[in-house]
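Report on the structure given below.
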Amino acid sequence: MSVRQVVMGVAATVIGGGLVVSLTGAILSRTSAQSKPLHATVKGTAPTAEGTLPHAFLDLSTYPDSMGGPHGGDGGTHPDWVTYGPTTDLRVPAHSLVTMTIKQYDTGGSLNNPYFAVPYGTVGGTVTVDGKTVSTVDPDGVGHTFTIHGAPTNQDPLFVSVPLPAVSDDAEPAPNSDYPPPHVVTFSFITGGKGEYVWNCEYPCGDGYYARFGGPMATRGYMSGTFTVE
Ligand SMILES: [Cu+2]
C-alpha cells in the first residue's frame with residue numbers, strides 16, 4: 001500500500017465517520033426539535049392584581065403547513081398539516097405574569113362554537129390583535145385558538161383560551177416569505193402553582209370525516225401540546 005493509498009484510506013474513513021455523525025445529528029436534531037421544550041424567558045417583574053410578579057415571555061407561531069414549525073425544513077411526515085411552532089411543549093414559571101405573542105399566518109373560517117371567539121383567563125379579559133386591544137373577535141374569521149384545558153385536577157386551575165384571527169384568503173405572501181404577513185396576537189395571564197396541563201386549538205382546522213377534528217387536530221406536536229408550570 002502506497003503512502004497515498006494509506007492517506008486516501010484514512011480520508012475515506014474520516015469522511016465515512018463524518019457522514020455517520022452528521023446523519024445521526026440530523027436525526028437527533030429532528031427528534032429534539034419536536035420534543036425540545038420552549039421555556040418562557042423571564043425579563044424583570046411586572047405589577048399585577050396579585051402584586052409584583054416575575055414577567056415571563058413566550059413567542060409562538062401558527063402556520064398553514066408544517067414547513068415553518070418543528071417538523072424539519074421539509075415539513076416532516078405531514079408537510080401539508082397546519083402546525084404550531086417552534087414547539088408545542090411549553091414551560092412557564094409558577095406565580096408569574098406570562099405574556100404570550102402568537103404570530104398567526106393561517107387562513108381560517110367559522111368556529112363550531114362561538115364561545116371560543118372570546119378570550120378567557122387573560123389579564124383584562126382581552127387580547128391585543130395587531131396592536132389593537134379587543135374583548136372578542138369575529139367567530140367566522142378565526143384561524144386557530146390557543147386553549148389550555150381547564151379540566152378539573154388537584155392542581156391550581158389554569159384556563160386560558162384565546163382566538164387567533166384568520167389571515168384573509170387572498171392575502172399575498174410577504175416579501176421573502178412563503179406566508180402572508182401574520183396577525184400578531186398578544187395576551188397575558190397569571191400562573192398559579194406548579195402543574196402539568198394540556199392545550200389545543202378549538203378551531204376545526206384538521207382533516208377527517210368528522211368536523212375536521214382529525215389529523216393535526218388530533219396529533220400532539222401540531223395543534224395540541226403540553227403546558228407545564230414549573
Ligand atoms: Cu388550529
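By convention here, the chains of the C-alpha cells are called A, B, ... in the order presented, each chain's residues are numbered starting at 1, and ligands are numbered starting at 1 in the order presented.
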
At a cut-off of 12 Å, using only C-alpha atoms, what residues contact range 102-105 of chain A? Leave out same-chain residues fewer than 5 positions from it and give the result as a count of residues only. 50

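Inspection of the environment of ligand 1, which uses only C-alpha atoms and all ligand atoms and a cut-off of 6 Å, identifies the neighbouring residues as His144, Cys201, Tyr203, Cys205 and Met223 of chain A.
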
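Neighbours of Ser135 in chain A closer than or equal to 8 Å, with only C-alpha atoms counted and sequence neighbours fewer than 4 positions away skipped, come out as A:Val118, A:Pro119, A:Gly125, A:Thr126, A:Val127.
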
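When only C-alpha atoms are used to measure the gap to Ala46 in chain A, the shortest distance among A:Phe189, A:Val137, A:Val92, A:Ala117 belongs to A:Phe189.
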
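Nearest to Gly121 in chain A of all the residues A:Pro79, A:Gly141, A:Gly150, A:Pro93 is A:Gly150, counting only C-alpha atoms.
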
Could you please write out, as a PyMOL selection string, every residue of range 20-210 of chain A that DSSP assigns to strand (DSSP E or B)? chain A and resi 38-39+41-48+51-63+83-85+89-92+97-104+109+120+127-129+132-134+142-148+160-165+183-190+195-200+207

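Counting from CA of Glu202 in chain A, the distance to CA of Gly75 in chain A is 22.7 Å.
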
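Comparing the minimum interatomic distances between Ile190 in chain A and each of A:Arg220, A:His71, A:His78, A:His95, counting only C-alpha atoms, we find that A:His95 sits nearest.
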